[in-house]
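Data file: start.cif. Format and content: mmCIF, C-alpha atoms.
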```cif
data_model
#
loop_
_atom_site.label_atom_id
_atom_site.label_comp_id
_atom_site.auth_asym_id
_atom_site.auth_seq_id
_atom_site.Cartn_x
_atom_site.Cartn_y
_atom_site.Cartn_z
CA MET A 529 -14.00 -59.22 75.22
CA LYS A 530 -13.63 -55.70 76.56
CA GLN A 531 -13.96 -55.91 80.29
CA ASN A 532 -12.35 -54.57 83.42
CA PHE A 533 -11.33 -56.82 86.28
CA PHE A 534 -9.23 -56.03 89.34
CA PHE A 535 -6.33 -58.37 89.67
CA ILE A 536 -2.62 -58.33 90.36
CA LEU A 537 -0.31 -58.96 87.45
CA ILE A 538 3.17 -59.61 88.74
CA ILE A 539 5.58 -58.68 85.97
CA SER A 540 8.12 -61.47 85.73
CA PHE A 541 11.57 -61.40 84.21
CA LEU A 542 11.70 -63.79 81.32
CA GLY A 543 14.47 -64.98 81.31
CA ASN A 544 5.60 -74.42 63.51
CA PRO A 545 2.55 -72.49 63.50
CA ILE A 546 1.44 -69.48 61.48
CA TRP A 547 1.76 -66.72 64.08
CA ALA A 548 -0.68 -63.97 63.24
CA GLN A 549 1.20 -60.72 63.25
CA ILE A 550 -1.22 -58.17 61.78
CA ASN A 551 -1.29 -59.08 58.10
CA GLU A 552 -3.63 -60.05 55.30
CA GLY A 553 -2.57 -63.68 54.94
CA GLY A 554 -2.67 -65.30 51.54
CA GLN A 555 -0.30 -67.19 49.30
CA THR A 556 3.07 -65.82 48.22
CA ILE A 557 3.14 -64.40 44.70
CA SER A 558 6.14 -66.58 43.83
CA SER A 559 4.05 -69.66 44.62
CA LEU A 560 1.14 -68.43 42.54
CA TYR A 561 3.46 -68.06 39.54
CA GLY A 562 5.45 -71.24 40.29
CA LEU A 563 8.76 -69.39 40.54
CA SER A 564 11.81 -71.42 41.53
CA GLN A 565 13.89 -70.50 44.56
CA ARG A 566 17.12 -71.72 42.94
CA ASP A 567 17.96 -68.28 41.57
CA VAL A 568 17.34 -66.39 44.82
CA VAL A 569 20.51 -64.64 46.03
CA THR A 570 21.76 -65.57 49.52
CA GLU A 571 23.43 -63.09 51.86
CA THR A 572 25.56 -64.80 54.52
CA LEU A 573 26.01 -62.98 57.79
CA PRO A 574 29.54 -62.72 59.22
CA ALA A 575 30.68 -65.10 61.90
CA ILE A 576 30.45 -63.73 65.44
CA ASP A 577 31.98 -64.86 68.71
CA TRP A 578 28.67 -66.13 70.12
CA GLN A 579 30.29 -67.57 73.23
CA ARG A 580 31.59 -64.14 74.17
CA PHE A 581 28.22 -62.54 73.53
CA MET A 582 26.46 -65.15 75.69
CA GLU A 583 28.91 -64.53 78.52
CA GLU A 584 28.26 -60.79 78.27
CA ALA A 585 24.51 -61.41 78.16
CA ASP A 586 24.67 -63.65 81.23
CA ALA A 587 26.61 -60.97 83.11
CA LYS A 588 23.95 -58.35 82.30
CA GLU A 589 21.20 -60.70 83.42
CA ALA A 590 23.02 -61.40 86.70
CA GLU A 591 22.99 -57.66 87.38
CA GLY A 592 19.19 -57.60 87.08
CA GLY A 593 19.03 -56.74 83.40
CA LEU A 594 17.25 -58.22 80.41
CA ARG A 595 17.69 -61.88 79.54
CA TYR A 596 18.99 -61.76 75.98
CA TYR A 597 18.20 -64.60 73.60
CA ALA A 598 19.48 -63.04 70.35
CA LYS A 599 22.25 -60.86 68.98
CA ILE A 600 21.12 -58.32 66.38
CA VAL A 601 23.65 -58.29 63.54
CA LYS A 602 23.76 -54.97 61.70
CA THR A 603 23.01 -55.22 57.98
CA ASP A 604 22.27 -52.91 55.05
CA PHE A 605 20.16 -54.93 52.61
CA ASN A 606 17.70 -53.06 50.41
CA LEU A 607 15.87 -53.40 47.11
CA ASN A 608 18.78 -51.91 45.17
CA ASN A 609 21.89 -53.52 46.65
CA ALA A 610 20.78 -57.08 47.42
CA GLY A 611 18.34 -59.76 46.32
CA THR A 612 16.90 -60.66 42.93
CA TRP A 613 14.18 -58.93 40.89
CA GLU A 614 11.94 -60.92 38.54
CA ILE A 615 9.45 -59.40 36.09
CA LEU A 616 6.06 -61.13 35.85
CA PRO A 617 4.16 -61.54 32.56
CA ASN A 618 1.76 -58.69 33.41
CA GLY A 619 4.58 -56.24 34.21
CA ASP A 620 4.41 -56.60 37.97
CA ARG A 621 7.62 -57.71 39.67
CA ILE A 622 8.94 -59.65 42.66
CA TRP A 623 12.09 -59.12 44.73
CA ARG A 624 13.44 -61.97 46.85
CA LEU A 625 16.41 -62.38 49.18
CA GLU A 626 17.58 -65.28 51.35
CA ILE A 627 19.51 -64.50 54.55
CA TYR A 628 21.71 -67.14 56.17
CA SER A 629 23.34 -67.07 59.60
CA GLN A 630 25.20 -70.19 60.66
CA ASP A 631 23.94 -71.97 63.80
CA ALA A 632 21.02 -69.57 64.34
CA LEU A 633 18.08 -71.11 66.20
CA SER A 634 15.88 -68.48 64.54
CA LEU A 635 16.18 -65.27 62.55
CA THR A 636 14.22 -62.04 63.05
CA LEU A 637 14.31 -59.17 60.54
CA TYR A 638 14.40 -55.50 61.59
CA TYR A 639 13.68 -52.70 59.12
CA GLU A 640 14.30 -49.00 58.61
CA ASN A 641 13.01 -46.69 55.84
CA PHE A 642 10.05 -49.08 55.61
CA PHE A 643 7.26 -48.11 53.21
CA LEU A 644 4.92 -50.39 51.27
CA PRO A 645 2.76 -48.71 48.61
CA LYS A 646 -0.85 -49.57 47.84
CA HIS A 647 -1.44 -53.15 46.66
CA SER A 648 2.16 -54.22 47.33
CA LYS A 649 2.80 -57.24 49.55
CA LEU A 650 5.67 -58.54 51.66
CA PHE A 651 6.15 -62.09 52.94
CA ILE A 652 8.80 -63.88 55.00
CA TYR A 653 9.22 -67.65 55.11
CA ASN A 654 11.69 -70.49 55.50
CA PRO A 655 13.05 -72.25 52.39
CA GLU A 656 10.59 -75.13 52.83
CA LYS A 657 7.68 -72.69 53.28
CA THR A 658 6.53 -74.61 56.35
CA GLU A 659 6.68 -71.27 58.17
CA GLN A 660 5.25 -68.25 56.40
CA TYR A 661 4.08 -64.80 57.56
CA GLY A 662 2.35 -62.09 55.53
CA ALA A 663 1.16 -60.52 53.48
CA PHE A 664 2.33 -57.32 55.13
CA THR A 665 0.90 -54.30 53.36
CA GLN A 666 0.58 -50.52 53.53
CA LYS A 667 -1.35 -51.08 56.77
CA ASN A 668 1.98 -51.92 58.41
CA ASN A 669 3.58 -48.58 57.50
CA HIS A 670 4.52 -46.22 60.34
CA SER A 671 5.61 -42.60 60.07
CA SER A 672 8.98 -43.54 61.61
CA GLY A 673 9.75 -46.05 58.85
CA ILE A 674 10.60 -48.58 61.58
CA PHE A 675 9.25 -52.14 61.46
CA ALA A 676 10.03 -55.73 62.44
CA THR A 677 8.75 -59.16 61.45
CA GLN A 678 8.54 -62.14 63.74
CA MET A 679 11.10 -64.89 63.95
CA ILE A 680 11.58 -67.71 61.47
CA LEU A 681 13.05 -70.86 63.02
CA GLY A 682 16.40 -72.02 61.73
CA GLU A 683 19.45 -70.58 59.98
CA ARG A 684 17.72 -69.28 56.85
CA THR A 685 14.88 -66.93 56.06
CA ILE A 686 13.58 -65.61 52.74
CA ILE A 687 11.94 -62.23 52.27
CA GLU A 688 9.70 -61.64 49.27
CA TYR A 689 8.37 -58.27 48.09
CA TYR A 690 5.70 -58.00 45.41
CA GLU A 691 5.30 -54.67 43.61
CA PRO A 692 2.56 -54.01 41.02
CA LYS A 693 3.66 -52.09 37.94
CA SER A 694 1.24 -49.28 38.91
CA VAL A 695 3.44 -48.43 41.93
CA ARG A 696 6.85 -49.33 40.51
CA ASN A 697 9.76 -47.89 42.54
CA GLU A 698 7.43 -46.43 45.18
CA GLY A 699 8.20 -49.10 47.78
CA HIS A 700 11.37 -49.10 49.83
CA PHE A 701 12.88 -50.60 52.96
CA THR A 702 16.25 -51.49 54.42
CA ILE A 703 16.85 -54.64 56.44
CA SER A 704 19.04 -52.88 58.99
CA GLY A 705 19.43 -55.78 61.40
CA VAL A 706 18.99 -59.53 61.71
CA GLY A 707 18.31 -61.08 65.10
CA HIS A 708 20.36 -64.29 65.42
CA ALA A 709 18.87 -66.36 68.27
CA PHE A 710 21.41 -68.37 70.22
CA ARG A 711 19.16 -69.66 73.06
CA ASP A 712 15.64 -69.65 74.52
CA ILE A 713 14.05 -70.76 71.25
CA TYR A 714 12.07 -73.96 71.22
CA ASP A 715 13.73 -75.99 68.49
CA TYR A 716 13.57 -79.79 68.52
CA SER A 717 16.73 -79.99 66.42
CA SER A 718 18.76 -78.23 69.09
CA THR A 719 20.30 -79.75 72.21
CA ASP A 720 20.53 -76.34 73.90
CA TYR A 721 17.11 -74.72 73.96
CA ARG A 722 14.59 -73.33 76.36
CA GLY A 723 10.87 -73.56 75.94
CA PHE A 724 8.16 -75.93 77.01
CA GLY A 725 8.76 -77.14 80.56
CA ASP A 726 11.86 -75.05 81.25
CA ALA A 727 10.19 -72.84 83.87
CA ASP A 728 10.55 -73.72 87.55
CA GLN A 729 8.27 -76.41 88.98
CA CYS A 730 6.19 -73.82 90.82
CA HIS A 731 5.06 -72.48 87.42
CA VAL A 732 2.23 -74.47 85.87
CA ASN A 733 0.65 -74.03 82.47
CA ALA A 734 -1.95 -71.26 82.37
CA ASN A 735 -4.62 -73.73 81.23
CA CYS A 736 -4.16 -76.03 84.21
CA PRO A 737 -6.95 -76.13 86.86
CA GLU A 738 -5.18 -73.32 88.76
CA GLY A 739 -6.06 -71.04 85.87
CA ASP A 740 -9.73 -72.00 85.49
CA ASN A 741 -10.94 -68.81 87.18
CA TRP A 742 -8.52 -66.59 85.25
CA THR A 743 -8.99 -67.56 81.62
CA ALA A 744 -10.28 -64.11 80.64
CA GLN A 745 -7.51 -62.21 82.44
CA SER A 746 -4.92 -64.55 80.94
CA LYS A 747 -5.80 -63.20 77.48
CA SER A 748 -4.20 -59.87 78.39
CA VAL A 749 -0.75 -61.35 79.06
CA ALA A 750 1.99 -61.51 76.42
CA ARG A 751 5.63 -62.35 76.22
CA ILE A 752 7.71 -59.58 74.65
CA SER A 753 10.73 -59.77 72.39
CA ILE A 754 12.48 -56.58 73.53
CA VAL A 755 15.09 -54.88 71.35
CA SER A 756 17.80 -53.27 73.46
CA ASN A 757 21.54 -52.58 73.26
CA GLY A 758 22.16 -54.59 70.12
CA GLY A 759 20.23 -57.67 71.18
CA ALA A 760 16.77 -59.04 71.87
CA GLY A 761 15.51 -60.51 75.13
CA TRP A 762 12.35 -61.93 76.69
CA CYS A 763 10.06 -60.26 79.23
CA SER A 764 6.34 -60.30 80.10
CA GLY A 765 3.51 -57.88 80.67
CA GLY A 766 -0.17 -57.31 80.10
CA VAL A 767 -2.72 -55.11 78.34
CA LEU A 768 -4.12 -52.56 80.79
CA ASN A 769 -7.47 -50.76 80.87
CA ASN A 770 -7.97 -47.12 81.91
CA THR A 771 -10.60 -45.26 83.89
CA ASP A 772 -12.39 -44.11 80.71
CA PHE A 773 -12.87 -47.75 79.67
CA ASN A 774 -12.18 -46.78 76.04
CA CYS A 775 -9.71 -49.59 75.31
CA ILE A 776 -6.65 -47.50 74.45
CA PRO A 777 -4.05 -50.24 73.79
CA TYR A 778 -1.87 -49.67 76.87
CA PHE A 779 0.57 -52.37 77.93
CA LEU A 780 2.25 -52.61 81.34
CA THR A 781 5.64 -54.22 81.79
CA ALA A 782 8.65 -53.81 84.06
CA TYR A 783 11.12 -50.95 83.89
CA HIS A 784 14.05 -53.35 84.02
CA CYS A 785 12.72 -55.01 80.85
CA GLY A 786 12.92 -51.76 78.86
CA GLN A 787 15.77 -50.09 80.71
CA GLY A 788 18.03 -48.26 78.26
CA THR A 789 15.78 -48.78 75.22
CA THR A 790 15.26 -46.00 72.69
CA ASP A 791 12.12 -44.83 70.92
CA ASN A 792 13.21 -46.70 67.79
CA ASN A 793 13.94 -49.84 69.82
CA ARG A 794 10.40 -49.88 71.17
CA LEU A 795 8.95 -49.60 67.66
CA GLN A 796 10.54 -53.02 67.01
CA TRP A 797 9.33 -54.81 70.13
CA ILE A 798 7.23 -57.87 69.24
CA PHE A 799 4.41 -58.96 71.58
CA TYR A 800 3.29 -62.62 71.52
CA PHE A 801 -0.24 -63.21 72.86
CA ASP A 802 -1.72 -66.69 73.43
CA TYR A 803 1.74 -68.25 73.48
CA GLU A 804 0.49 -71.07 75.68
CA ALA A 805 -0.28 -74.76 75.89
CA PRO A 806 -3.93 -75.39 74.96
CA THR A 807 -4.29 -77.74 77.95
CA CYS A 808 -2.51 -78.39 81.23
CA VAL A 809 -0.17 -80.84 79.49
CA ASN A 810 2.81 -79.57 77.50
CA PRO A 811 2.15 -80.16 73.80
CA ALA A 812 4.30 -82.66 71.97
CA THR A 813 5.06 -80.12 69.23
CA GLU A 814 4.80 -76.37 68.88
CA ASP A 815 2.18 -76.84 66.13
CA ALA A 816 -0.45 -76.91 68.88
CA ILE A 817 0.29 -73.26 69.73
CA SER A 818 -1.04 -70.37 67.64
CA PRO A 819 0.12 -67.05 69.10
CA LEU A 820 -1.10 -63.66 67.93
CA THR A 821 1.40 -60.82 67.71
CA MET A 822 1.63 -57.05 67.77
CA VAL A 823 4.68 -55.04 66.68
CA GLY A 824 5.77 -51.64 67.98
CA CYS A 825 4.91 -49.44 70.92
CA GLU A 826 5.56 -45.95 72.26
CA LEU A 827 6.53 -45.00 75.81
CA ARG A 828 3.83 -43.43 77.95
CA PHE A 829 5.37 -43.70 81.42
CA SER A 830 8.48 -45.06 83.06
CA SER A 831 9.30 -45.14 86.77
CA GLN A 832 12.80 -43.88 85.92
CA ASP A 833 12.89 -41.49 82.98
CA PRO A 834 14.55 -38.04 83.07
CA MET A 835 12.46 -36.92 80.08
CA LEU A 836 9.30 -37.62 82.06
CA ASN A 837 10.80 -36.21 85.27
CA THR A 838 10.36 -39.52 87.06
CA ASN A 839 13.01 -41.19 89.19
CA ASP A 840 11.18 -43.56 91.49
CA LEU A 841 13.91 -45.98 92.53
CA LYS A 842 11.37 -48.07 94.47
CA THR A 843 9.15 -48.84 91.47
CA ASP A 844 9.87 -51.14 88.56
CA GLY A 845 7.23 -50.15 86.02
CA MET A 846 6.91 -49.10 82.38
CA LEU A 847 3.70 -48.26 80.50
CA VAL A 848 3.67 -48.30 76.70
CA GLU A 849 1.01 -47.99 74.01
CA PHE A 850 0.84 -50.09 70.85
CA VAL A 851 1.26 -48.14 67.62
CA ASN A 852 -1.68 -50.10 66.15
CA GLU A 853 -5.12 -50.85 67.51
CA ILE A 854 -5.54 -54.39 68.77
CA PRO A 855 -7.63 -56.27 66.19
CA ALA A 856 -11.10 -57.26 67.37
CA SER A 857 -10.33 -60.81 66.25
CA TYR A 858 -7.77 -61.05 69.08
CA ASN A 859 -10.67 -61.03 71.60
CA MET A 860 -8.44 -59.05 73.96
CA PHE A 861 -9.07 -58.68 77.69
CA TYR A 862 -8.15 -55.29 79.16
CA ALA A 863 -6.89 -55.94 82.68
CA GLY A 864 -8.01 -53.78 85.57
CA TRP A 865 -5.94 -52.32 88.38
CA ASP A 866 -6.32 -51.04 91.94
CA ALA A 867 -4.56 -47.90 93.15
CA ASN A 868 -5.09 -48.88 96.78
CA ASP A 869 -1.72 -49.37 98.51
CA SER A 870 -2.98 -52.16 100.78
CA PRO A 871 -1.15 -55.40 99.94
CA SER A 872 -3.25 -58.20 98.50
CA ALA A 873 -3.81 -61.27 100.65
CA GLN A 874 -4.15 -63.63 97.69
CA GLY A 875 -3.98 -63.67 93.92
CA VAL A 876 -2.18 -65.02 90.89
CA SER A 877 0.74 -64.21 88.64
CA ILE A 878 0.37 -64.95 84.93
CA HIS A 879 3.57 -64.62 82.93
CA HIS A 880 6.22 -66.18 80.66
CA PRO A 881 9.17 -67.11 82.89
CA LYS A 882 12.42 -67.25 80.92
CA GLY A 883 10.57 -67.24 77.62
CA ASP A 884 8.50 -70.31 78.42
CA ILE A 885 4.89 -70.79 77.38
CA LYS A 886 2.38 -68.94 79.56
CA LYS A 887 2.40 -69.99 83.22
CA ILE A 888 0.32 -69.23 86.30
CA ASN A 889 1.29 -69.10 89.96
CA THR A 890 -1.04 -68.64 92.90
CA PHE A 891 -0.36 -67.09 96.32
CA ASN A 892 -2.42 -67.24 99.51
CA SER A 893 -0.41 -65.05 101.85
CA THR A 894 -0.26 -61.28 102.07
CA LEU A 895 2.23 -59.70 99.71
CA GLY A 896 5.33 -58.23 101.28
CA GLN A 897 8.23 -56.21 99.93
CA THR A 898 11.40 -57.11 98.13
CA SER A 899 14.16 -55.05 96.57
CA TRP A 900 15.25 -54.12 93.09
CA GLN A 901 18.66 -52.51 92.54
CA GLY A 902 19.01 -52.31 96.31
CA ASN A 903 15.81 -50.34 96.85
CA SER A 904 12.76 -51.51 98.77
CA THR A 905 9.81 -51.91 96.42
CA ASN A 906 6.32 -53.31 96.50
CA ASP A 907 6.24 -56.75 94.88
#
```

Translate the structure of the given file into structure tokens.
Amino acid sequence: MKQNFFFILIISFLGNPIWAQINEGGQTISSLYGLSQRDVVTETLPAIDWQRFMEEADAKEAEGGLRYYAKIVKTDFNLNNAGTWEILPNGDRIWRLEIYSQDALSLTLYYENFFLPKHSKLFIYNPEKTEQYGAFTQKNNHSSGIFATQMILGERTIIEYYEPKSVRNEGHFTISGVGHAFRDIYDYSSTDYRGFGDADQCHVNANCPEGDNWTAQSKSVARISIVSNGGAGWCSGGVLNNTDFNCIPYFLTAYHCGQGTTDNNRLQWIFYFDYEAPTCVNPATEDAISPLTMVGCELRFSSQDPMLNTNDLKTDGMLVEFVNEIPASYNMFYAGWDANDSPSAQGVSIHHPKGDIKKINTFNSTLGQTSWQGNSTND
């Protein structure tokens, strides 16, 4: 649905299913050939003082910064120095590697030097293969060589790369970082998680009656896994239309969400659309939720960016553009906007507070002003 609608999206600080990051789907090649996982090499990440990192993350959040849910552990795993190669009967081959990080609620893989040749395929999954994403293909290549794949719940994840003999040695990538989630991941096996129902009581599920008149606009809203300063944190935002109505994939979020991020960081942001309860009632399991994801964006405008000659201390805004077109199958809504500076007398906020499933709030009084970093700003 490609429409324009004027509404106010209040950017909020955030702080298993087959999730459809752009990929071709399909069965893993190891499953097709009945290969055992017993011989797959495991790389164990070093122990880290997670308590110290959480204290540092809480301090940053208290200062108005990003709410971190994961520490990104630096790694250097590639096709030559890690994992196991297996030759298939037809001369094609498969490389597999298991990564283990003790006590992780989930693991996210971040890549550099990423290039998949024609007809090659990459999958990620948990050891039980109850979670599986891919196949990622040459369509996921970017000129920067930067990429990321979405989280796998638990302490272990397996990456599998299939390379036809016709393109042998043409593919390459380095797993340069692994995001170890220590909170804000919905995991029934954990006693310390955030997720369904953890937002404040004033936040109701987006598919409650309060959201009946906003179902189209709600499609534009996503939660974002933001890479920044050696960690990953949650924020929200929405897809934004432009005056040419040509559906350039712009996305508006808050400056404080992306403050201090680099160009390479933004290429590894992961956007989760439709991360919501299908009804007003919280689902009993996460299997009822089927988010769609996008990976990677480029900065188009920031309210405080010396490179763009902007330093508006009263505005908390950041506009980015996805590096890929939004698939038509996502049925995306492109939200409208109003440049009029008159405050709205009523409206809604649709967002993901503290990483929760999508929520909606309504207001029936004229918007006022608040402050961010000590500066008066329109809210």

Identify, on the basis of all atoms listed in the file, every residue whose closest approach to Asn741 (chain A) does not exceed 12 Å; exclude the query and any residue fewer than 5 positions from it along the same chain; express the result as an MDAnalysis selection string. chainID A and resid 535 734:736 746 875:876 888 890

Nearby residues (only C-alpha atoms) at most 6 Å from region 648-657 of chain A, same-chain spacing under 2 positions excluded, as an mmCIF file with C-alpha atoms, in the frame of the given file:
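Saved file around-v2.cif follows:
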```cif
data_model
loop_
_atom_site.group_PDB
_atom_site.id
_atom_site.type_symbol
_atom_site.label_atom_id
_atom_site.label_comp_id
_atom_site.auth_asym_id
_atom_site.auth_seq_id
_atom_site.Cartn_x
_atom_site.Cartn_y
_atom_site.Cartn_z
ATOM 1 C CA PRO A 645 2.760 -48.710 48.610
ATOM 2 C CA LYS A 646 -0.850 -49.570 47.840
ATOM 3 C CA GLU A 659 6.680 -71.270 58.170
ATOM 4 C CA GLN A 660 5.250 -68.250 56.400
ATOM 5 C CA TYR A 661 4.080 -64.800 57.560
ATOM 6 C CA GLY A 662 2.350 -62.090 55.530
ATOM 7 C CA ALA A 663 1.160 -60.520 53.480
ATOM 8 C CA PHE A 664 2.330 -57.320 55.130
ATOM 9 C CA THR A 665 0.900 -54.300 53.360
ATOM 10 C CA THR A 685 14.880 -66.930 56.060
ATOM 11 C CA ILE A 686 13.580 -65.610 52.740
ATOM 12 C CA ILE A 687 11.940 -62.230 52.270
ATOM 13 C CA GLU A 688 9.700 -61.640 49.270
ATOM 14 C CA TYR A 689 8.370 -58.270 48.090
ATOM 15 C CA TYR A 690 5.700 -58.000 45.410
ATOM 16 C CA GLU A 691 5.300 -54.670 43.610
#
```

Given the file shown, determine the residues that the PyMOL selection byres ((chain A and resi 631) around 10) selects; report them as a PyMOL selection string. chain A and resi 575+578+628-630+632-634+682-684+708-710+718

Just checking: using only C-alpha atoms, which residue out of A:Thr556, A:Ser704, A:Asn774, A:Gln787 ends up closest to Lys588 (chain A)?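 Of the candidates, the smallest distance to Lys588 (chain A) is held by A:Gln787.
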
Residues within 7 Å of Thr781 (chain A), please, as a PyMOL selection string. Count only C-alpha atoms; anything in the same chain fewer than 5 positions from it doesn't count. chain A and resi 539+764-766+845-847

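From CA of Ser756 (chain A) back to CA of Cys785 (chain A), the distance works out to 9.1 Å.
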
Two-atom distance - CA of Thr658 (chain A), CA of Ile680 (chain A) (Å):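 For CA of Thr658 (chain A) relative to CA of Ile680 (chain A), the distance reads 10.0 Å.
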
Could you tell me, as a PyMOL selection string, exactly which residues end up selected when the PyMOL selection byres ((chain A and resi 618) around 12) is applied to this structure? chain A and resi 561+614-617+619-622+691-694

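In this structure, CA of Gly864 (chain A) sits 19.7 Å away from CA of Thr894 (chain A).
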
Starting from the shown file, work through the PyMOL selection byres ((chain A and resi 807) around 12) and note down what comes out as an MDAnalysis selection string. chainID A and resid 732:740 743 804:806 808:812 816:817 885:887

Prev. selection, C-alpha atoms, output as a PDB file, in the coordinates of the input:
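Below is the file part-v4.pdb, written as the result:
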```
ATOM      1  CA  VAL A 732       2.230 -74.470  85.870  1.00  0.00           C
ATOM      2  CA  ASN A 733       0.650 -74.030  82.470  1.00  0.00           C
ATOM      3  CA  ALA A 734      -1.950 -71.260  82.370  1.00  0.00           C
ATOM      4  CA  ASN A 735      -4.620 -73.730  81.230  1.00  0.00           C
ATOM      5  CA  CYS A 736      -4.160 -76.030  84.210  1.00  0.00           C
ATOM      6  CA  PRO A 737      -6.950 -76.130  86.860  1.00  0.00           C
ATOM      7  CA  GLU A 738      -5.180 -73.320  88.760  1.00  0.00           C
ATOM      8  CA  GLY A 739      -6.060 -71.040  85.870  1.00  0.00           C
ATOM      9  CA  ASP A 740      -9.730 -72.000  85.490  1.00  0.00           C
ATOM     10  CA  THR A 743      -8.990 -67.560  81.620  1.00  0.00           C
ATOM     11  CA  GLU A 804       0.490 -71.070  75.680  1.00  0.00           C
ATOM     12  CA  ALA A 805      -0.280 -74.760  75.890  1.00  0.00           C
ATOM     13  CA  PRO A 806      -3.930 -75.390  74.960  1.00  0.00           C
ATOM     14  CA  CYS A 808      -2.510 -78.390  81.230  1.00  0.00           C
ATOM     15  CA  VAL A 809      -0.170 -80.840  79.490  1.00  0.00           C
ATOM     16  CA  ASN A 810       2.810 -79.570  77.500  1.00  0.00           C
ATOM     17  CA  PRO A 811       2.150 -80.160  73.800  1.00  0.00           C
ATOM     18  CA  ALA A 812       4.300 -82.660  71.970  1.00  0.00           C
ATOM     19  CA  ALA A 816      -0.450 -76.910  68.880  1.00  0.00           C
ATOM     20  CA  ILE A 817       0.290 -73.260  69.730  1.00  0.00           C
ATOM     21  CA  ILE A 885       4.890 -70.790  77.380  1.00  0.00           C
ATOM     22  CA  LYS A 886       2.380 -68.940  79.560  1.00  0.00           C
ATOM     23  CA  LYS A 887       2.400 -69.990  83.220  1.00  0.00           C
TER      24      LYS A 887
END
```

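Here the question is which of A:Pro819, A:Pro777, A:Gly707, A:Gly562 gets nearest to Ala856 (chain A) using only C-alpha atoms, and that residue is A:Pro777.
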
My list of candidates is A:Tyr778, A:Ile557, A:Ala873, A:Tyr803. Which is closest to Leu827 (chain A) when distances are computed with all atoms listed in the file?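 Closest residue, counting all atoms listed in the file: A:Tyr778.
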
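With distances restricted to only C-alpha atoms, A:Val755 is the closest residue to Leu594 (chain A) from A:Val706, A:Val755, A:Leu780, A:Ala863.
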
Spatial neighbours of region 792-798 of chain A, 8 Å, all atoms listed in the file, chain gap at least 2 places, as a PyMOL selection string: chain A and resi 638+674-676+678+752-756+789-790+800+821-827+851
